[in-house]
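> Supplied structure: coords_21.cif, mmCIF, C-alpha atoms and all ligand atoms.
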data_entry
loop_
_atom_site.label_atom_id
_atom_site.label_comp_id
_atom_site.auth_asym_id
_atom_site.auth_seq_id
_atom_site.Cartn_x
_atom_site.Cartn_y
_atom_site.Cartn_z
CA MET K 1 30.03 58.58 -162.49
CA HIS K 2 28.49 56.69 -159.57
CA ALA K 3 26.81 58.24 -156.55
CA ILE K 4 24.55 57.33 -153.67
CA VAL K 5 20.93 58.21 -154.45
CA VAL K 6 17.65 57.71 -152.61
CA ASP K 7 15.77 54.95 -154.47
CA PRO K 8 12.39 56.56 -155.29
CA SER K 9 10.64 53.19 -155.03
CA ALA K 10 11.95 52.52 -151.48
CA ASP K 11 10.79 53.76 -148.07
CA PRO K 12 13.21 56.64 -147.25
CA LYS K 13 12.71 56.03 -143.52
CA SER K 14 14.96 52.99 -144.02
CA PRO K 15 18.69 53.52 -144.67
CA GLU K 16 18.32 50.73 -147.28
CA ALA K 17 16.72 53.35 -149.53
CA LEU K 18 20.28 54.53 -150.26
CA VAL K 19 21.65 52.86 -153.38
CA TRP K 20 24.86 53.16 -155.43
CA ARG K 21 23.79 54.15 -158.96
CA GLU K 22 25.16 55.62 -162.16
CA VAL K 23 24.28 59.35 -162.40
CA PRO K 24 25.29 62.22 -164.74
CA ASP K 25 28.73 63.74 -164.14
CA PRO K 26 28.71 67.10 -162.29
CA ASP K 27 28.40 70.18 -164.46
CA PRO K 28 30.76 72.82 -162.98
CA GLY K 29 30.29 76.60 -163.23
CA ALA K 30 33.10 78.99 -164.16
CA ASP K 31 33.82 79.70 -160.47
CA GLU K 32 33.80 76.03 -159.46
CA VAL K 33 36.18 73.09 -159.45
CA VAL K 34 35.41 69.39 -159.88
CA ILE K 35 36.79 67.18 -157.11
CA THR K 36 37.41 63.45 -157.45
CA VAL K 37 36.15 62.43 -154.03
CA ALA K 38 38.47 60.46 -151.74
CA ALA K 39 36.18 60.52 -148.72
CA ALA K 40 32.96 62.18 -147.57
CA GLY K 41 31.84 63.01 -144.03
CA VAL K 42 28.47 61.73 -142.82
CA ASN K 43 26.32 64.25 -140.95
CA ARG K 44 23.08 63.98 -139.02
CA ALA K 45 21.50 66.34 -141.57
CA ASP K 46 22.13 63.63 -144.20
CA LEU K 47 19.68 61.34 -142.38
CA MET K 48 17.01 64.04 -142.55
CA GLN K 49 17.69 64.67 -146.24
CA ARG K 50 17.35 60.95 -147.00
CA GLN K 51 13.96 60.98 -145.27
CA GLY K 52 12.81 63.98 -147.29
CA HIS K 53 12.83 66.44 -144.34
CA TYR K 54 15.85 68.55 -145.35
CA PRO K 55 15.85 69.37 -149.08
CA PRO K 56 18.95 71.00 -150.59
CA PRO K 57 18.92 74.80 -150.94
CA PRO K 58 18.06 76.14 -154.44
CA GLY K 59 20.79 75.36 -156.96
CA ALA K 60 22.55 72.76 -154.79
CA SER K 61 23.10 69.14 -155.83
CA GLU K 62 20.29 66.71 -154.99
CA ILE K 63 22.95 64.20 -153.94
CA ILE K 64 23.46 63.93 -150.17
CA GLY K 65 26.79 65.04 -148.63
CA LEU K 66 27.90 68.29 -146.99
CA GLU K 67 31.67 67.77 -146.92
CA CYS K 68 34.37 65.82 -148.71
CA SER K 69 38.06 65.53 -149.41
CA GLY K 70 39.72 64.62 -152.69
CA VAL K 71 41.83 65.74 -155.58
CA ILE K 72 40.95 68.36 -158.19
CA ALA K 73 39.95 66.89 -161.57
CA ALA K 74 38.96 70.11 -163.39
CA VAL K 75 39.12 73.86 -162.75
CA GLY K 76 36.57 76.46 -163.93
CA ASP K 77 37.69 79.37 -166.15
CA GLU K 78 37.33 82.00 -163.40
CA VAL K 79 39.07 80.01 -160.66
CA THR K 80 42.52 81.07 -159.50
CA GLY K 81 44.90 79.46 -157.02
CA TRP K 82 43.88 75.85 -157.69
CA SER K 83 45.23 73.34 -160.23
CA VAL K 84 44.29 69.87 -161.41
CA GLY K 85 45.84 67.34 -159.02
CA ASP K 86 45.71 69.55 -155.88
CA ALA K 87 44.45 67.87 -152.71
CA CYS K 88 41.58 69.67 -151.01
CA VAL K 89 38.70 69.50 -148.56
CA ALA K 90 35.36 71.14 -149.29
CA LEU K 91 32.31 72.45 -147.47
CA MET K 92 29.23 71.94 -149.62
CA ALA K 93 25.44 72.29 -149.64
CA GLY K 94 25.25 68.81 -151.22
CA GLY K 95 26.89 66.33 -153.56
CA GLY K 96 29.50 64.63 -151.37
CA TYR K 97 28.26 61.01 -151.60
CA ALA K 98 29.60 60.66 -155.15
CA GLU K 99 32.71 59.86 -157.15
CA GLN K 100 32.92 63.50 -158.23
CA VAL K 101 31.40 66.79 -157.09
CA ALA K 102 31.45 70.41 -158.34
CA VAL K 103 32.20 72.95 -155.57
CA PRO K 104 32.52 76.78 -155.51
CA ALA K 105 36.27 77.44 -155.26
CA GLY K 106 35.86 79.62 -152.15
CA GLN K 107 34.45 76.68 -150.22
CA MET K 108 37.60 74.62 -150.66
CA ILE K 109 40.75 74.57 -148.61
CA ARG K 110 43.86 72.43 -148.53
CA PRO K 111 43.77 69.64 -145.93
CA PRO K 112 45.66 70.36 -142.71
CA GLU K 113 49.32 69.50 -143.28
CA GLY K 114 50.11 66.00 -142.04
CA VAL K 115 46.45 64.92 -141.98
CA ASP K 116 45.45 62.35 -144.60
CA LEU K 117 42.45 62.83 -146.86
CA VAL K 118 40.21 60.34 -145.07
CA ALA K 119 40.66 61.98 -141.66
CA ALA K 120 40.36 65.45 -143.24
CA ALA K 121 36.98 64.63 -144.85
CA GLY K 122 35.28 64.64 -141.45
CA LEU K 123 36.76 67.89 -140.13
CA VAL K 124 35.38 70.71 -142.21
CA GLU K 125 31.64 70.63 -141.39
CA VAL K 126 32.13 70.31 -137.61
CA ALA K 127 34.94 72.86 -137.50
CA ALA K 128 33.02 75.36 -139.65
CA THR K 129 29.87 74.98 -137.54
CA VAL K 130 31.59 75.26 -134.18
CA ILE K 131 33.97 78.09 -135.09
CA SER K 132 31.39 80.25 -136.86
CA ASN K 133 28.96 79.98 -133.95
CA LEU K 134 31.47 80.46 -131.14
CA ASP K 135 33.02 83.42 -133.00
CA GLU K 136 29.57 84.98 -133.26
CA VAL K 137 28.83 84.74 -129.53
CA GLY K 138 32.41 85.52 -128.50
CA LEU K 139 33.32 82.50 -126.38
CA GLY K 140 36.55 83.41 -124.62
CA ARG K 141 38.97 82.91 -121.76
CA GLY K 142 37.27 82.46 -118.39
CA ASP K 143 33.85 81.60 -119.86
CA THR K 144 32.01 78.45 -118.87
CA PHE K 145 30.85 76.54 -121.93
CA LEU K 146 28.33 73.69 -122.22
CA VAL K 147 28.11 71.46 -125.29
CA HIS K 148 25.87 68.41 -125.48
CA GLY K 149 26.95 65.20 -127.14
CA GLY K 150 30.66 65.64 -126.43
CA ALA K 151 31.45 62.28 -128.04
CA GLY K 152 29.67 63.16 -131.31
CA GLY K 153 31.19 64.94 -134.30
CA ILE K 154 30.31 68.49 -133.25
CA GLY K 155 30.92 67.82 -129.56
CA SER K 156 34.36 66.23 -130.02
CA PHE K 157 35.63 69.20 -131.98
CA ALA K 158 33.88 71.77 -129.74
CA ILE K 159 35.57 70.44 -126.59
CA GLY K 160 39.04 70.87 -128.08
CA TRP K 161 38.31 74.28 -129.57
CA ALA K 162 36.71 75.68 -126.40
CA LYS K 163 39.69 74.51 -124.32
CA GLN K 164 41.93 76.21 -126.87
CA LEU K 165 40.01 79.47 -126.28
CA GLY K 166 40.53 79.15 -122.52
CA ALA K 167 36.97 78.22 -121.53
CA THR K 168 35.90 75.77 -118.82
CA VAL K 169 34.10 72.97 -120.70
CA ILE K 170 31.08 71.05 -119.48
CA THR K 171 29.74 68.30 -121.75
CA THR K 172 27.18 65.50 -121.75
CA ALA K 173 27.14 62.02 -123.25
CA GLY K 174 25.00 58.89 -123.10
CA SER K 175 27.38 56.12 -121.95
CA ASP K 176 30.40 55.57 -119.71
CA GLU K 177 32.60 54.90 -122.75
CA LYS K 178 31.55 58.17 -124.34
CA LEU K 179 31.98 60.10 -121.08
CA ALA K 180 35.53 58.73 -120.82
CA HIS K 181 36.17 59.82 -124.41
CA CYS K 182 35.01 63.38 -123.58
CA ARG K 183 37.40 63.44 -120.63
CA SER K 184 40.25 62.32 -122.90
CA LEU K 185 39.52 65.27 -125.21
CA GLY K 186 40.02 67.65 -122.29
CA ALA K 187 36.48 68.35 -121.03
CA ASP K 188 36.56 69.68 -117.45
CA HIS K 189 33.16 68.29 -116.37
CA VAL K 190 31.45 65.32 -118.03
CA LEU K 191 27.82 64.49 -117.24
CA SER K 192 25.49 61.74 -118.32
CA TYR K 193 22.47 63.18 -120.10
CA ARG K 194 20.57 60.18 -118.73
CA ASP K 195 20.97 61.65 -115.18
CA ASP K 196 19.98 65.07 -113.84
CA TRP K 197 22.71 66.91 -115.78
CA ALA K 198 20.94 70.27 -115.32
CA ALA K 199 21.19 70.08 -111.52
CA ALA K 200 24.90 69.34 -111.87
CA VAL K 201 25.38 72.35 -114.19
CA ASP K 202 23.45 74.49 -111.67
CA ASP K 203 25.83 73.32 -108.93
CA LEU K 204 28.75 74.42 -111.12
CA GLY K 205 27.32 77.97 -111.18
CA GLY K 206 25.59 78.10 -114.57
CA VAL K 207 27.08 78.73 -118.01
CA ASP K 208 28.10 81.65 -120.22
CA VAL K 209 27.70 79.90 -123.60
CA ILE K 210 25.72 76.81 -124.61
CA LEU K 211 26.16 75.12 -128.01
CA ASP K 212 22.93 73.18 -128.32
CA PRO K 213 22.18 70.38 -130.80
CA ILE K 214 18.97 69.34 -128.96
CA GLY K 215 16.59 72.31 -129.29
CA ALA K 216 13.05 72.35 -127.89
CA LYS K 217 13.43 69.65 -125.24
CA TYR K 218 16.14 71.59 -123.39
CA LEU K 219 15.10 75.18 -124.23
CA ALA K 220 13.57 76.17 -120.87
CA THR K 221 16.34 74.45 -118.90
CA HIS K 222 19.04 76.07 -120.99
CA VAL K 223 17.65 79.57 -120.48
CA ARG K 224 17.44 78.93 -116.74
CA LEU K 225 21.08 77.77 -116.65
CA LEU K 226 22.48 80.84 -118.45
CA ALA K 227 24.62 83.22 -116.40
CA ARG K 228 24.17 86.99 -116.72
CA GLY K 229 24.96 87.94 -120.33
CA GLY K 230 24.78 84.26 -121.31
CA ARG K 231 24.36 83.11 -124.92
CA LEU K 232 22.42 80.04 -126.03
CA VAL K 233 23.25 78.94 -129.59
CA VAL K 234 20.84 76.40 -131.05
CA ILE K 235 22.31 74.42 -133.95
CA GLY K 236 20.19 71.27 -133.93
CA MET K 237 16.69 70.01 -133.21
CA GLN K 238 17.26 66.43 -132.11
CA GLY K 239 14.83 67.21 -129.24
CA GLY K 240 12.17 68.97 -131.33
CA ARG K 241 11.68 72.28 -133.10
CA ARG K 242 9.01 74.06 -131.04
CA GLY K 243 9.50 75.05 -127.41
CA GLU K 244 8.33 77.73 -124.98
CA LEU K 245 10.72 80.62 -124.39
CA ASP K 246 10.46 82.39 -121.01
CA LEU K 247 11.24 85.96 -122.02
CA ALA K 248 11.32 87.13 -118.39
CA ALA K 249 14.04 84.58 -117.61
CA LEU K 250 15.99 85.75 -120.65
CA LEU K 251 15.53 89.43 -119.83
CA SER K 252 16.53 89.11 -116.17
CA ARG K 253 19.83 87.57 -117.29
CA ASN K 254 20.50 90.02 -120.16
CA ALA K 255 20.84 86.79 -122.12
CA SER K 256 20.31 85.94 -125.78
CA VAL K 257 19.22 83.02 -127.94
CA HIS K 258 20.80 82.45 -131.36
CA ALA K 259 19.96 79.84 -133.98
CA THR K 260 22.08 79.25 -137.05
CA GLY K 261 22.30 76.90 -140.03
CA LEU K 262 25.50 76.52 -142.03
CA ARG K 263 24.18 74.80 -145.14
CA GLY K 264 22.08 77.67 -146.50
CA ARG K 265 24.64 80.42 -145.86
CA PRO K 266 25.75 82.29 -149.02
CA VAL K 267 29.02 81.34 -150.75
CA GLU K 268 30.74 84.55 -149.49
CA GLU K 269 30.04 83.65 -145.84
CA LYS K 270 31.18 80.06 -146.31
CA THR K 271 34.30 81.34 -148.07
CA ALA K 272 35.14 83.54 -145.06
CA ILE K 273 34.60 80.61 -142.69
CA CYS K 274 36.85 78.37 -144.82
CA ARG K 275 39.59 81.01 -144.77
CA ARG K 276 39.38 81.18 -141.00
CA LEU K 277 39.71 77.39 -140.75
CA ALA K 278 42.77 77.36 -143.00
CA ALA K 279 44.46 80.23 -141.17
CA ASP K 280 43.65 79.54 -137.53
CA VAL K 281 42.41 75.97 -137.08
CA TRP K 282 44.25 73.67 -139.50
CA PRO K 283 47.71 74.60 -138.12
CA LEU K 284 46.56 73.47 -134.66
CA PHE K 285 45.74 69.99 -136.01
CA THR K 286 49.14 69.90 -137.69
CA ASP K 287 51.11 70.76 -134.53
CA GLY K 288 48.90 68.53 -132.37
CA THR K 289 47.49 71.38 -130.22
CA LEU K 290 43.94 70.43 -131.21
CA PRO K 291 42.90 66.78 -130.73
CA MET K 292 41.86 65.14 -134.00
CA THR K 293 38.13 64.46 -134.15
CA PRO K 294 37.96 60.64 -134.01
CA TYR K 295 36.32 58.87 -136.93
CA GLU K 296 35.33 55.49 -138.29
CA THR K 297 35.13 54.59 -141.98
CA VAL K 298 32.57 52.81 -144.14
CA PRO K 299 32.96 52.31 -147.93
CA LEU K 300 30.94 54.92 -149.86
CA PRO K 301 28.81 52.40 -151.81
CA GLU K 302 27.67 51.10 -148.39
CA ALA K 303 26.33 54.47 -147.24
CA ALA K 304 23.13 52.69 -146.13
CA ARG K 305 25.17 50.95 -143.44
CA ALA K 306 26.69 54.25 -142.34
CA HIS K 307 23.21 55.80 -141.96
CA ALA K 308 22.02 52.80 -139.95
CA LEU K 309 25.06 53.16 -137.67
CA LEU K 310 24.54 56.87 -137.11
CA GLU K 311 20.86 56.26 -136.36
CA SER K 312 21.79 53.57 -133.83
CA GLY K 313 23.92 56.05 -131.84
CA ASP K 314 26.80 53.53 -131.85
CA VAL K 315 29.40 55.94 -133.24
CA LEU K 316 32.25 57.78 -131.53
CA GLY K 317 33.11 61.04 -133.29
CA LYS K 318 32.54 61.08 -137.05
CA LEU K 319 31.65 58.57 -139.72
CA VAL K 320 33.55 58.94 -142.99
CA LEU K 321 32.65 57.28 -146.31
CA THR K 322 35.65 56.19 -148.38
CA ALA K 323 35.39 56.26 -152.16
CA PRO K 324 36.04 52.92 -153.90
CA GLU K 325 38.89 53.72 -156.30
CA SER K 326 40.46 56.85 -154.99
CA THR K 327 41.31 56.08 -151.39
CA SER K 328 44.07 53.57 -151.97
CA GLN K 329 45.89 55.98 -154.31
CA LEU K 330 45.10 59.21 -152.54
CA THR K 331 45.43 58.43 -148.88
CA GLU K 332 47.70 56.85 -146.41
CA THR K 333 46.65 56.83 -142.76
CA PRO K 334 49.58 57.40 -140.39
CA PRO K 335 49.50 54.91 -137.48
CA GLU K 336 48.89 57.61 -134.85
CA ARG K 337 45.70 58.61 -136.64
CA ALA K 338 44.45 55.07 -137.11
CA CYS K 339 40.75 54.53 -136.64
CA ASN K 340 38.23 51.73 -136.48
CA THR K 341 37.15 50.64 -139.92
CA ARG K 342 33.70 49.06 -140.08
CA ARG K 343 33.58 46.13 -142.47
N1 LIG K 401 23.13 74.29 -137.59
C1 LIG K 401 24.16 73.82 -138.28
O1 LIG K 401 24.73 74.47 -139.12
C2 LIG K 401 24.66 72.43 -137.97
C3 LIG K 401 25.82 71.94 -138.58
C4 LIG K 401 26.27 70.65 -138.23
C5 LIG K 401 25.54 69.89 -137.32
N2 LIG K 401 24.39 70.41 -136.80
C6 LIG K 401 23.57 69.63 -135.85
O2 LIG K 401 24.32 69.40 -134.68
C7 LIG K 401 23.87 68.18 -134.10
C8 LIG K 401 25.07 67.32 -133.78
O3 LIG K 401 25.70 66.97 -134.99
P1 LIG K 401 26.82 65.85 -135.00
O4 LIG K 401 27.39 65.80 -136.34
O5 LIG K 401 27.71 66.02 -133.84
O6 LIG K 401 25.92 64.54 -134.76
P2 LIG K 401 26.31 63.20 -134.02
O7 LIG K 401 27.76 62.94 -134.19
O8 LIG K 401 25.33 62.20 -134.45
O9 LIG K 401 26.09 63.55 -132.49
C9 LIG K 401 24.82 63.68 -131.91
C10 LIG K 401 25.05 63.79 -130.42
O10 LIG K 401 23.83 64.06 -129.76
C11 LIG K 401 23.97 63.49 -128.47
N3 LIG K 401 22.64 63.35 -127.86
C12 LIG K 401 21.61 62.55 -128.27
N4 LIG K 401 20.56 62.70 -127.43
C13 LIG K 401 20.94 63.58 -126.47
C14 LIG K 401 20.30 64.15 -125.33
N5 LIG K 401 19.05 63.83 -124.99
N6 LIG K 401 20.99 65.03 -124.58
C15 LIG K 401 22.27 65.38 -124.90
N7 LIG K 401 22.92 64.89 -125.98
C16 LIG K 401 22.27 64.00 -126.75
C17 LIG K 401 24.63 62.15 -128.73
O11 LIG K 401 25.26 61.71 -127.55
P3 LIG K 401 25.68 60.14 -127.34
O12 LIG K 401 26.36 59.70 -128.59
O13 LIG K 401 26.57 60.19 -126.16
O14 LIG K 401 24.40 59.39 -127.11
C18 LIG K 401 25.62 62.50 -129.84
O15 LIG K 401 26.89 62.80 -129.31
C19 LIG K 401 22.90 67.55 -135.08
O16 LIG K 401 21.60 67.83 -134.65
C20 LIG K 401 23.20 68.26 -136.36
O17 LIG K 401 22.10 68.30 -137.22
C21 LIG K 401 23.96 71.65 -137.11
#
Please go through the file and, once you have read it, give me the structure as structure tokens.

Amino acid sequence: MHAIVVDPSADPKSPEALVWREVPDPDPGADEVVITVAAAGVNRADLMQRQGHYPPPPGASEIIGLECSGVIAAVGDEVTGWSVGDACVALMAGGGYAEQVAVPAGQMIRPPEGVDLVAAAGLVEVAATVISNLDEVGLGRGDTFLVHGGAGGIGSFAIGWAKQLGATVITTAGSDEKLAHCRSLGADHVLSYRDDWAAAVDDLGGVDVILDPIGAKYLATHVRLLARGGRLVVIGMQGGRRGELDLAALLSRNASVHATGLRGRPVEEKTAICRRLAADVWPLFTDGTLPMTPYETVPLPEAARAHALLESGDVLGKLVLTAPESTSQLTETPPERACNTRR
């Protein structure tokens, strides 16, 4: 098969290090299925992996790619409930930027009904991350919720999900176009992170839950903004990994700081998260209650271009890589879910 690999002779700091090469076919275990990939979501973690800063967990594929959609090509001996030819989406620790990938059966679910495979490829990683974290800290009705980067993949989904839970949503973005997009997704308060967003959040009375992709740069501010019993959940380190934590500020608020990573979680935990998505989230995409996370597509062999785009910040929602052969046969994008396709 073909896959995107990091050319060992190239500088991995450049997206051009990503090349479309022939590689060995995946070797599935008895509890795995092989998926013929229709589309694969691009995640910020993929940029770090390309640069050598985020190696796959032990046993995972060396190929980049944390999520995909496609059709089952082979089923392991111990797998039940799946057959060759079934459409699916998968949450993986690696392997998505390829024509085929082997995935533990528990980490696969059917795409939301009525959502085509290209759109579905960009849903599972953001939904799994947001839901698992907000479940853990119990975001609920009446809470005030802050998520940064409301026009990004995580942020776009988080706005819709938090509104669904009955929270008041505050979000930030870096341009007028992106702020307008956050408003269209239902955010109650949209703030430019280029202005004094913290003062504006203070004026709104602080926050109960923060979903934070920035990390160190905002740590002290976030703790200060937490209401009594507030929960800060750090999921990304775009603003650095080491910061100073004011324990007195935390203690006086009875507040807590959480930090989680989805990729390294054991199969059983990912299986439980996938079940929750299938039962409680996918139906809300199907009936239109949850806004679809917007996405743009780039052909899989041109993954270098997708990485350059994500690094430029010029993306609204998700980027999805479409596999060369499979997409025309496996997908059909309904007009209401149309997206910009980068050529
Ligand atoms: N822990 C986990 O399990 C897990 C799982 C998935 C993702 N993540 C992390 O979550 C983060 C977001 O992922 P993603 O897929 O949503 O990436 P993305 O689509 O690239 O979005 C990144 C967002 O960060 C925003 N941003 C950049 N600088 C900012 C600043 N100074 N203040 C506030 N916002 C800022 C951007 O806003 P503009 O576009 O408006 O400039 C953009 O919306 C990444 O760090 C990723 O690694 C973690």
> What residues of the protein or nucleic acid chains come within 8 Å of ligand LIG 401 (chain K) when you use all atoms listed in the file? Reply as an NGL selection string.
:K and (42-45 or 125-126 or 129-130 or 148-156 or 172-175 or 178-179 or 193-194 or 212-214 or 234-239 or 259-263 or 310-311 or 313-318)
> Compile a residue-level contact table for region 36-78 of chain K against region 94-110 of chain K at a cut-off of 9 Å, reporting for every qualifying residue the shortest atom pair and its distance in Å to one decimal, with all atoms listed in the file counted, rows ordered by chain and ascending number, as JSON lines.

{"residue": "K:Thr36", "atom": "CA", "partner": "K:Gln100", "partner_atom": "CA", "distance": 4.6}
{"residue": "K:Val37", "atom": "CA", "partner": "K:Glu99", "partner_atom": "CA", "distance": 5.3}
{"residue": "K:Ala38", "atom": "CA", "partner": "K:Glu99", "partner_atom": "CA", "distance": 7.9}
{"residue": "K:Ala39", "atom": "CA", "partner": "K:Gly96", "partner_atom": "CA", "distance": 8.3}
{"residue": "K:Ala40", "atom": "CA", "partner": "K:Gly96", "partner_atom": "CA", "distance": 5.7}
{"residue": "K:Gly41", "atom": "CA", "partner": "K:Gly96", "partner_atom": "CA", "distance": 7.9}
{"residue": "K:Val42", "atom": "CA", "partner": "K:Tyr97", "partner_atom": "CA", "distance": 8.8}
{"residue": "K:Pro56", "atom": "CA", "partner": "K:Gly94", "partner_atom": "CA", "distance": 6.7}
{"residue": "K:Pro57", "atom": "CA", "partner": "K:Gly94", "partner_atom": "CA", "distance": 8.7}
{"residue": "K:Ala60", "atom": "CA", "partner": "K:Gly94", "partner_atom": "CA", "distance": 6.0}
{"residue": "K:Ser61", "atom": "CA", "partner": "K:Gly94", "partner_atom": "CA", "distance": 5.1}
{"residue": "K:Glu62", "atom": "CA", "partner": "K:Gly94", "partner_atom": "CA", "distance": 6.6}
{"residue": "K:Ile63", "atom": "CA", "partner": "K:Gly95", "partner_atom": "CA", "distance": 4.5}
{"residue": "K:Ile64", "atom": "CA", "partner": "K:Gly94", "partner_atom": "CA", "distance": 5.3}
{"residue": "K:Gly65", "atom": "CA", "partner": "K:Gly96", "partner_atom": "CA", "distance": 3.9}
{"residue": "K:Leu66", "atom": "CA", "partner": "K:Gly94", "partner_atom": "CA", "distance": 5.0}
{"residue": "K:Glu67", "atom": "CA", "partner": "K:Gly96", "partner_atom": "CA", "distance": 5.9}
{"residue": "K:Cys68", "atom": "CA", "partner": "K:Gly96", "partner_atom": "CA", "distance": 5.7}
{"residue": "K:Ser69", "atom": "CA", "partner": "K:Gly96", "partner_atom": "CA", "distance": 8.8}
{"residue": "K:Gly70", "atom": "CA", "partner": "K:Gln100", "partner_atom": "CA", "distance": 8.8}
{"residue": "K:Ala73", "atom": "CA", "partner": "K:Gln100", "partner_atom": "CA", "distance": 8.5}
{"residue": "K:Val75", "atom": "CA", "partner": "K:Ala105", "partner_atom": "CA", "distance": 8.8}
{"residue": "K:Gly76", "atom": "CA", "partner": "K:Ala105", "partner_atom": "CA", "distance": 8.7}
> Take the point (18.7, 91.6, -121.0) as written in the file and pick out every residue within 12 Å of it, counting all atoms listed in the file; give the list as number ranges by chain.
K: 226-231, 247-257
> Compile the contact shell of Gln51 (chain K) as a ChimeraX atom specification: residues with an atom at most 6 Å away, counting only C-alpha atoms, same-chain residues fewer than 3 positions apart removed.
/K:12-13,48
> So that I can see what lies close to Val281 (chain K), please list as a list in words the residues with an atom at most 10 Å from it, counting only C-alpha atoms and leaving out residues fewer than 5 positions away in the same chain.
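Skipping anything fewer than 5 positions along the chain leaves Pro112, Ala127, Ala128, Ile131, Trp161, Cys274, Arg275, Arg276, Thr286, Thr289 and Leu290 of chain K.
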> Could those residues be written to a file, using C-alpha atoms, as a PDB file, in the frame of the given file?

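What follows is the written file result_7.pdb:
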ATOM      1  CA  PRO K 112      45.660  70.360-142.710  1.00  0.00           C
ATOM      2  CA  ALA K 127      34.940  72.860-137.500  1.00  0.00           C
ATOM      3  CA  ALA K 128      33.020  75.360-139.650  1.00  0.00           C
ATOM      4  CA  ILE K 131      33.970  78.090-135.090  1.00  0.00           C
ATOM      5  CA  TRP K 161      38.310  74.280-129.570  1.00  0.00           C
ATOM      6  CA  CYS K 274      36.850  78.370-144.820  1.00  0.00           C
ATOM      7  CA  ARG K 275      39.590  81.010-144.770  1.00  0.00           C
ATOM      8  CA  ARG K 276      39.380  81.180-141.000  1.00  0.00           C
ATOM      9  CA  THR K 286      49.140  69.900-137.690  1.00  0.00           C
ATOM     10  CA  THR K 289      47.490  71.380-130.220  1.00  0.00           C
ATOM     11  CA  LEU K 290      43.940  70.430-131.210  1.00  0.00           C
TER      12      LEU K 290
END
> Hey, which of K:Arg50, K:Val19, K:Val33, K:Arg265 ends up closest to Asp77 (chain K)? Count all atoms listed in the file.
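Using all atoms listed in the file, Asp77 (chain K) sits closest to K:Val33.
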> Please determine, counting only C-alpha atoms, which residue among K:Ser184, K:Gln49, K:Ser83, K:Thr221 has the shortest atom-to-atom distance to Ala199 (chain K).
K:Thr221
> Report the distance between CA of Pro26 (chain K) and CA of Pro58 (chain K) in Å, rounded to one decimal place.
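Between these atoms lies a distance of 16.0 Å.
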> For Ala158 (chain K), which residue among K:Val223, K:Ala272, K:Met292, K:Leu117 is the nearest when counting only C-alpha atoms?
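The closest residue to Ala158 (chain K) is K:Met292.
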> Please compute the CA of Ile35 (chain K)-CA of Val267 (chain K) distance, one decimal, in Å.
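A separation of 17.4 Å between them.
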> Take the point (14.9, 52.3, -148.8) as written in the file and pick out every residue within 10 Å of it, counting only C-alpha atoms; give the list as a PyMOL selection string.
chain K and resi 6-19+50-51+304
> May I ask for the distance between CA of His181 (chain K) and CA of Lys163 (chain K), given in Å to one decimal place?
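Taking CA of His181 (chain K) as the start and CA of Lys163 (chain K) as the end point, the length is 15.1 Å.
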> For Arg242 (chain K), work out the shell of residues within 9 Å, counting all atoms listed in the file and skipping chain neighbours fewer than 3 positions away, then give it as a list in words.
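In the requested form, the answer reads Gly215, Ala216, Lys217 and Met237 of chain K.
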